[in-house]
>>> print(open('input.cif').read())   # mmCIF, C-alpha atoms and all ligand atoms
data_target
loop_
_atom_site.group_PDB
_atom_site.id
_atom_site.type_symbol
_atom_site.label_atom_id
_atom_site.label_comp_id
_atom_site.auth_asym_id
_atom_site.auth_seq_id
_atom_site.Cartn_x
_atom_site.Cartn_y
_atom_site.Cartn_z
ATOM 1 C CA MET A 190 11.502 -37.644 -1.952
ATOM 2 C CA LYS A 191 15.132 -38.131 -2.918
ATOM 3 C CA GLY A 192 16.618 -36.727 -6.111
ATOM 4 C CA MET A 193 19.531 -35.185 -7.925
ATOM 5 C CA VAL A 194 20.227 -31.790 -9.457
ATOM 6 C CA VAL A 195 22.926 -32.246 -12.108
ATOM 7 C CA TYR A 196 24.445 -29.342 -14.038
ATOM 8 C CA LYS A 197 27.028 -28.443 -16.653
ATOM 9 C CA SER A 198 28.435 -24.977 -16.102
ATOM 10 C CA TRP A 199 31.449 -23.227 -17.594
ATOM 11 C CA TRP A 200 31.657 -19.713 -16.147
ATOM 12 C CA GLY A 201 29.566 -20.478 -13.036
ATOM 13 C CA SER A 202 26.128 -19.005 -13.761
ATOM 14 C CA CYS A 203 24.441 -22.322 -14.424
ATOM 15 C CA LYS A 204 25.936 -23.673 -11.215
ATOM 16 C CA ARG A 205 24.336 -20.796 -9.288
ATOM 17 C CA ILE A 206 20.977 -21.520 -10.922
ATOM 18 C CA ALA A 207 21.366 -25.214 -10.008
ATOM 19 C CA GLU A 208 22.089 -24.245 -6.383
ATOM 20 C CA ALA A 209 18.991 -22.027 -6.240
ATOM 21 C CA ILE A 210 16.767 -24.788 -7.644
ATOM 22 C CA ALA A 211 18.231 -27.287 -5.166
ATOM 23 C CA GLU A 212 17.515 -24.843 -2.317
ATOM 24 C CA GLY A 213 13.889 -24.517 -3.430
ATOM 25 C CA LEU A 214 13.531 -28.296 -3.521
ATOM 26 C CA MET A 215 15.051 -28.645 -0.058
ATOM 27 C CA GLU A 216 12.858 -25.861 1.336
ATOM 28 C CA THR A 217 9.852 -27.921 0.274
ATOM 29 C CA GLY A 218 11.095 -30.975 2.121
ATOM 30 C CA HIS A 219 13.051 -32.981 -0.442
ATOM 31 C CA GLU A 220 16.466 -34.551 -0.192
ATOM 32 C CA VAL A 221 18.754 -33.346 -2.982
ATOM 33 C CA ARG A 222 22.222 -34.233 -4.174
ATOM 34 C CA LEU A 223 23.636 -31.270 -6.124
ATOM 35 C CA VAL A 224 26.437 -32.312 -8.447
ATOM 36 C CA ALA A 225 28.363 -31.206 -11.545
ATOM 37 C CA VAL A 226 27.965 -33.592 -14.463
ATOM 38 C CA GLU A 227 31.708 -34.277 -14.330
ATOM 39 C CA GLU A 228 31.222 -35.787 -10.849
ATOM 40 C CA ALA A 229 27.781 -37.300 -11.317
ATOM 41 C CA GLY A 230 28.707 -40.886 -12.142
ATOM 42 C CA LYS A 231 26.133 -43.333 -13.446
ATOM 43 C CA PRO A 232 22.453 -42.293 -12.977
ATOM 44 C CA ASP A 233 21.121 -44.004 -9.863
ATOM 45 C CA PRO A 234 17.822 -45.847 -10.431
ATOM 46 C CA SER A 235 16.962 -45.598 -6.732
ATOM 47 C CA LEU A 236 16.407 -41.824 -7.107
ATOM 48 C CA ASP A 237 12.795 -40.611 -7.067
ATOM 49 C CA PHE A 238 13.356 -37.629 -9.396
ATOM 50 C CA VAL A 239 15.992 -35.908 -11.504
ATOM 51 C CA VAL A 240 16.621 -32.264 -12.444
ATOM 52 C CA ILE A 241 19.213 -31.615 -15.163
ATOM 53 C CA GLY A 242 20.557 -28.370 -16.565
ATOM 54 C CA ALA A 243 23.329 -26.763 -18.550
ATOM 55 C CA ALA A 244 24.767 -23.567 -19.893
ATOM 56 C CA THR A 245 23.418 -23.232 -23.439
ATOM 57 C CA ARG A 246 26.055 -23.651 -26.065
ATOM 58 C CA TRP A 247 25.301 -23.440 -29.741
ATOM 59 C CA PRO A 248 23.591 -25.499 -31.178
ATOM 60 C CA GLY A 249 21.821 -26.207 -27.877
ATOM 61 C CA ALA A 250 23.696 -28.106 -25.190
ATOM 62 C CA TRP A 251 27.198 -29.314 -24.379
ATOM 63 C CA PRO A 252 27.863 -32.873 -25.634
ATOM 64 C CA LYS A 253 28.771 -33.952 -22.082
ATOM 65 C CA ILE A 254 25.357 -33.172 -20.577
ATOM 66 C CA LYS A 255 23.563 -34.641 -23.590
ATOM 67 C CA ARG A 256 25.506 -37.878 -23.164
ATOM 68 C CA TYR A 257 24.576 -37.878 -19.495
ATOM 69 C CA ALA A 258 20.856 -37.376 -20.257
ATOM 70 C CA LYS A 259 20.989 -40.310 -22.658
ATOM 71 C CA ARG A 260 22.109 -42.578 -19.813
ATOM 72 C CA PHE A 261 18.644 -42.400 -18.243
ATOM 73 C CA THR A 262 17.438 -45.593 -19.846
ATOM 74 C CA LYS A 263 13.770 -46.340 -20.387
ATOM 75 C CA LYS A 264 14.176 -49.605 -18.537
ATOM 76 C CA SER A 265 15.314 -48.010 -15.266
ATOM 77 C CA PHE A 266 13.836 -44.506 -15.398
ATOM 78 C CA ALA A 267 10.563 -44.484 -17.372
ATOM 79 C CA GLY A 268 7.791 -42.918 -15.286
ATOM 80 C CA LYS A 269 10.136 -40.971 -12.978
ATOM 81 C CA PRO A 270 9.543 -37.222 -12.650
ATOM 82 C CA PHE A 271 12.075 -34.826 -14.188
ATOM 83 C CA ALA A 272 12.687 -31.147 -14.912
ATOM 84 C CA THR A 273 15.319 -29.275 -16.921
ATOM 85 C CA PHE A 274 16.941 -25.827 -16.700
ATOM 86 C CA SER A 275 19.534 -23.753 -18.506
ATOM 87 C CA THR A 276 21.271 -20.408 -18.741
ATOM 88 C CA GLY A 277 21.612 -18.663 -22.075
ATOM 89 C CA GLY A 278 22.687 -15.395 -23.617
ATOM 90 C CA SER A 279 19.884 -15.192 -26.173
ATOM 91 C CA VAL A 280 16.868 -15.880 -23.915
ATOM 92 C CA ASN A 281 15.580 -12.305 -23.804
ATOM 93 C CA THR A 282 16.540 -11.373 -27.354
ATOM 94 C CA ASP A 283 14.334 -11.026 -30.434
ATOM 95 C CA GLU A 284 15.577 -14.336 -31.810
ATOM 96 C CA PRO A 285 16.251 -16.717 -28.926
ATOM 97 C CA LEU A 286 18.285 -19.766 -29.957
ATOM 98 C CA THR A 287 17.438 -23.277 -28.791
ATOM 99 C CA GLN A 288 18.275 -23.500 -25.087
ATOM 100 C CA ALA A 289 20.000 -26.431 -23.402
ATOM 101 C CA SER A 290 16.941 -27.006 -21.198
ATOM 102 C CA GLU A 291 14.821 -27.635 -24.301
ATOM 103 C CA VAL A 292 17.284 -30.167 -25.714
ATOM 104 C CA LEU A 293 17.559 -31.987 -22.374
ATOM 105 C CA TYR A 294 13.781 -31.977 -21.946
ATOM 106 C CA GLU A 295 13.326 -33.763 -25.277
ATOM 107 C CA LEU A 296 15.981 -36.342 -24.428
ATOM 108 C CA LEU A 297 14.446 -37.235 -21.064
ATOM 109 C CA GLU A 298 10.875 -37.195 -22.326
ATOM 110 C CA ALA A 299 11.876 -39.560 -25.148
ATOM 111 C CA ARG A 300 13.150 -41.956 -22.474
ATOM 112 C CA GLY A 301 9.766 -42.075 -20.780
ATOM 113 C CA LEU A 302 10.469 -39.787 -17.832
ATOM 114 C CA VAL A 303 7.552 -37.527 -16.859
ATOM 115 C CA ALA A 304 7.967 -33.730 -16.877
ATOM 116 C CA LEU A 305 7.121 -31.754 -13.738
ATOM 117 C CA ALA A 306 7.313 -28.392 -15.550
ATOM 118 C CA PRO A 307 8.301 -26.832 -18.877
ATOM 119 C CA PRO A 308 12.049 -26.145 -19.369
ATOM 120 C CA PHE A 309 13.323 -23.345 -17.085
ATOM 121 C CA LYS A 310 15.352 -20.815 -19.063
ATOM 122 C CA ALA A 311 17.458 -18.307 -17.143
ATOM 123 C CA ALA A 312 18.698 -15.272 -19.065
ATOM 124 C CA ILE A 313 22.274 -13.996 -19.006
ATOM 125 C CA GLU A 314 22.017 -10.251 -19.588
ATOM 126 C CA GLY A 315 24.535 -8.558 -21.897
ATOM 127 C CA TYR A 316 26.125 -11.707 -23.356
ATOM 128 C CA LYS A 317 27.896 -10.989 -26.653
ATOM 129 C CA PRO A 318 29.672 -13.687 -28.654
ATOM 130 C CA PRO A 319 33.154 -13.239 -30.108
ATOM 131 C CA GLY A 320 32.986 -10.998 -33.154
ATOM 132 C CA LYS A 321 29.943 -9.145 -31.797
ATOM 133 C CA GLY A 322 31.555 -7.351 -28.865
ATOM 134 C CA GLU A 323 32.543 -10.399 -26.789
ATOM 135 C CA ASP A 324 31.067 -10.056 -23.294
ATOM 136 C CA ARG A 325 30.261 -12.801 -20.786
ATOM 137 C CA GLY A 326 27.320 -10.787 -19.475
ATOM 138 C CA THR A 327 25.863 -11.211 -15.995
ATOM 139 C CA LEU A 328 23.284 -13.349 -14.267
ATOM 140 C CA PRO A 329 20.726 -11.013 -12.657
ATOM 141 C CA ASP A 330 19.641 -11.715 -9.055
ATOM 142 C CA SER A 331 16.067 -11.824 -10.329
ATOM 143 C CA GLU A 332 16.921 -15.012 -12.258
ATOM 144 C CA LEU A 333 18.213 -16.619 -9.067
ATOM 145 C CA THR A 334 14.973 -15.668 -7.321
ATOM 146 C CA ARG A 335 12.990 -17.223 -10.172
ATOM 147 C CA ALA A 336 15.131 -20.360 -10.021
ATOM 148 C CA ARG A 337 14.519 -20.754 -6.310
ATOM 149 C CA GLU A 338 10.791 -20.401 -6.867
ATOM 150 C CA PHE A 339 11.033 -22.942 -9.714
ATOM 151 C CA GLY A 340 12.668 -25.363 -7.255
ATOM 152 C CA ARG A 341 9.836 -24.800 -4.777
ATOM 153 C CA GLU A 342 7.259 -25.335 -7.520
ATOM 154 C CA LEU A 343 8.916 -28.644 -8.437
ATOM 155 C CA GLY A 344 9.026 -29.587 -4.768
ATOM 156 C CA ARG A 345 5.319 -28.895 -4.277
ATOM 157 C CA LYS A 346 4.434 -30.944 -7.363
ATOM 158 C CA LEU A 347 6.579 -33.832 -6.180
ATOM 159 C CA SER A 348 4.861 -33.734 -2.793
ATOM 160 C CA ILE A 349 1.397 -34.033 -4.287
ATOM 161 C CA GLY A 350 2.466 -36.334 -7.165
ATOM 162 C CA LYS A 351 1.316 -33.929 -9.864
ATOM 163 C CA PRO A 352 3.227 -33.953 -13.182
ATOM 164 C CA TYR A 353 3.091 -31.117 -15.691
ATOM 165 C CA SER A 354 0.663 -31.597 -18.555
ATOM 166 C CA THR A 355 0.400 -29.565 -21.723
HETATM 167 C C1 LIG B 1 30.864 -21.072 -27.252
HETATM 168 C C2 LIG B 1 29.590 -20.504 -26.702
HETATM 169 C C3 LIG B 1 28.401 -20.707 -27.375
HETATM 170 C C4 LIG B 1 27.198 -20.166 -26.878
HETATM 171 N N1 LIG B 1 26.032 -20.396 -27.543
HETATM 172 C C5 LIG B 1 24.867 -19.881 -27.060
HETATM 173 C C6 LIG B 1 23.632 -20.128 -27.747
HETATM 174 O O1 LIG B 1 23.573 -20.805 -28.784
HETATM 175 N N2 LIG B 1 22.486 -19.590 -27.234
HETATM 176 C C7 LIG B 1 22.496 -18.851 -26.087
HETATM 177 O O2 LIG B 1 21.429 -18.407 -25.673
HETATM 178 N N3 LIG B 1 23.662 -18.594 -25.412
HETATM 179 C C8 LIG B 1 24.823 -19.101 -25.873
HETATM 180 N N4 LIG B 1 26.004 -18.858 -25.201
HETATM 181 C C9 LIG B 1 25.971 -18.102 -23.930
HETATM 182 C C10 LIG B 1 26.011 -19.103 -22.771
HETATM 183 O O3 LIG B 1 24.809 -19.844 -22.758
HETATM 184 C C11 LIG B 1 26.209 -18.411 -21.427
HETATM 185 O O4 LIG B 1 27.466 -17.793 -21.445
HETATM 186 C C12 LIG B 1 26.147 -19.465 -20.323
HETATM 187 O O5 LIG B 1 24.830 -19.941 -20.202
HETATM 188 C C13 LIG B 1 26.613 -18.961 -19.006
HETATM 189 O O6 LIG B 1 26.573 -20.058 -18.105
HETATM 190 P P1 LIG B 1 27.874 -20.474 -17.309
HETATM 191 O O7 LIG B 1 28.313 -19.245 -16.564
HETATM 192 O O8 LIG B 1 27.398 -21.569 -16.374
HETATM 193 O O9 LIG B 1 28.917 -20.973 -18.265
HETATM 194 C C14 LIG B 1 27.217 -19.384 -25.679
HETATM 195 C C15 LIG B 1 28.435 -19.190 -25.007
HETATM 196 C C16 LIG B 1 29.601 -19.729 -25.501
HETATM 197 C C17 LIG B 1 30.889 -19.498 -24.763
#
>>> encode(input="input.cif", output="structure tokens")
Amino acid sequence: MKGMVVYKSWWGSCKRIAEAIAEGLMETGHEVRLVAVEEAGKPDPSLDFVVIGAATRWPGAWPKIKRYAKRFTKKSFAGKPFATFSTGGSVNTDEPLTQASEVLYELLEARGLVALAPPFKAAIEGYKPPGKGEDRGTLPDSELTRAREFGRELGRKLSIGKPYST
């Protein structure tokens, strides 16, 4: 099948996660266009599936990627498979904040697209916001491995036409 992996990254970690997911999808036989949201253009209704992700930014996701998700109209995209992903500094903390993948998931589900999997949340280790030590943190290799496997899982589900159900 033919699809798109679209991402919004700032410091590069979310881009690396997007690349790993795209690799997993391609390894399982799918054709993928990997593109930053700034270059994505209008969503193409001829695509079979869409995977969208972003670096989490309080209170959830960057306005730019939210605006992009809202362009998947019910009329053209209802029933198409989708998945979402994100990177975030609070994922493995005691009080994780809402992640971009959760916000994007809700937006696409509300437009009638069909989820292939729950939101994929990659953890940035050691992130500290300004005023609390200020540190960008790092993206562990293990998160890239998980992302690649997530891409393969999506690819397998696409191949057998099996959406995720709660
Ligand atoms: C202004 C700002 C706000 C952020 N807000 C959150 C947040 O609410 N929750 C969270 O888990 N991480 C938050 N982070 C950490 C980012 O999610 C993390 O740096 C980002 O995912 C790294 O991806 P990137 O390298 O692609 O930019 C924030 C970072 C910045 C700079």
>>> atom_distance(input="input.cif", atom1="CA of Ala312 in chain A", atom2="CA of Met215 in chain A")
23.5 Å
>>> resolve_selection(input="input.cif", expression="the PyMOL selection byres (((chain A and resi 237) around 12) and not hetatm)", output="MDAnalysis selection string")
chainID A and resid 190:194 219:222 232:236 238:240 265:271 302:303 344 347:348 350
>>> axis_aligned_box(input="input.cif", around="range 201-207 of chain A", padding_each_side="4 Å", output="JSON")
{"center_x": 25.3, "center_y": -22.1, "center_z": -11.9, "size_x": 16.6, "size_y": 14.2, "size_z": 13.1}
>>> residues_around(input="input.cif", residues="Phe274 in chain A", least_positions_apart="3", cutoff="8 Å", atoms="only C-alpha atoms", output="list in words")
Val240, Ile241, Gly242, Ala243, Ala289, Ser290, Pro308, Phe309, Lys310 and Ala311 of chain A
>>> resolve_selection(input="input.cif", expression="the PyMOL selection byres (((not hetatm)) within 10 of (chain B and resi 1))", output="MDAnalysis selection string")
chainID A and resid 196:207 242:251 275:282 284:289 310:319 323:328
>>> closest_residue(input="input.cif", among="A:Val195, A:Val226, A:Ile210, A:Leu305", to="Ala336 in chain A", atoms="only C-alpha atoms")
A:Ile210
>>> atom_distance(input="input.cif", atom1="CA of Asp330 in chain A", atom2="CA of Leu223 in chain A")
20.2 Å
>>> resolve_selection(input="input.cif", expression="the PyMOL selection byres (((chain A and resi 213) around 6) and not hetatm)", output="JSON, numbers by chain")
{"A": [210, 211, 212, 214, 215, 216, 337, 340, 341]}
>>> atom_distance(input="input.cif", atom1="CA of Val224 in chain A", atom2="CA of Ala306 in chain A")
20.8 Å
>>> closest_residue(input="input.cif", among="A:Val292, A:Gly301, A:Glu208, A:Pro252", to="Lys264 in chain A", atoms="all atoms listed in the file")
A:Gly301
>>> residues_near_point(input="input.cif", point="(17.0, -41.2, -23.9)", cutoff="8 Å", atoms="all atoms listed in the file", output="list in words")
Ala258, Lys259, Arg260, Phe261, Thr262, Lys263, Leu296, Leu297, Glu298, Ala299, Arg300 and Gly301 of chain A
>>> write_last_selection(input="input.cif", atoms="C-alpha atoms", output="short mmCIF file (atom, residue, chain, number, x, y, z; two decimals), keeping the file's coordinate frame")
data_model
loop_
_atom_site.label_atom_id
_atom_site.label_comp_id
_atom_site.auth_asym_id
_atom_site.auth_seq_id
_atom_site.Cartn_x
_atom_site.Cartn_y
_atom_site.Cartn_z
CA ALA A 258 20.86 -37.38 -20.26
CA LYS A 259 20.99 -40.31 -22.66
CA ARG A 260 22.11 -42.58 -19.81
CA PHE A 261 18.64 -42.40 -18.24
CA THR A 262 17.44 -45.59 -19.85
CA LYS A 263 13.77 -46.34 -20.39
CA LEU A 296 15.98 -36.34 -24.43
CA LEU A 297 14.45 -37.24 -21.06
CA GLU A 298 10.88 -37.20 -22.33
CA ALA A 299 11.88 -39.56 -25.15
CA ARG A 300 13.15 -41.96 -22.47
CA GLY A 301 9.77 -42.08 -20.78
#
>>> residues_near_point(input="input.cif", point="(13.6, -32.6, -19.7)", cutoff="6 Å", atoms="all atoms listed in the file", output="ChimeraX atom specification")
/A:272-273,293-295,297-298
>>> closest_residue(input="input.cif", among="A:Pro329, A:Gly322, A:Pro307, A:Gly218", to="Arg345 in chain A", atoms="all atoms listed in the file")
A:Gly218
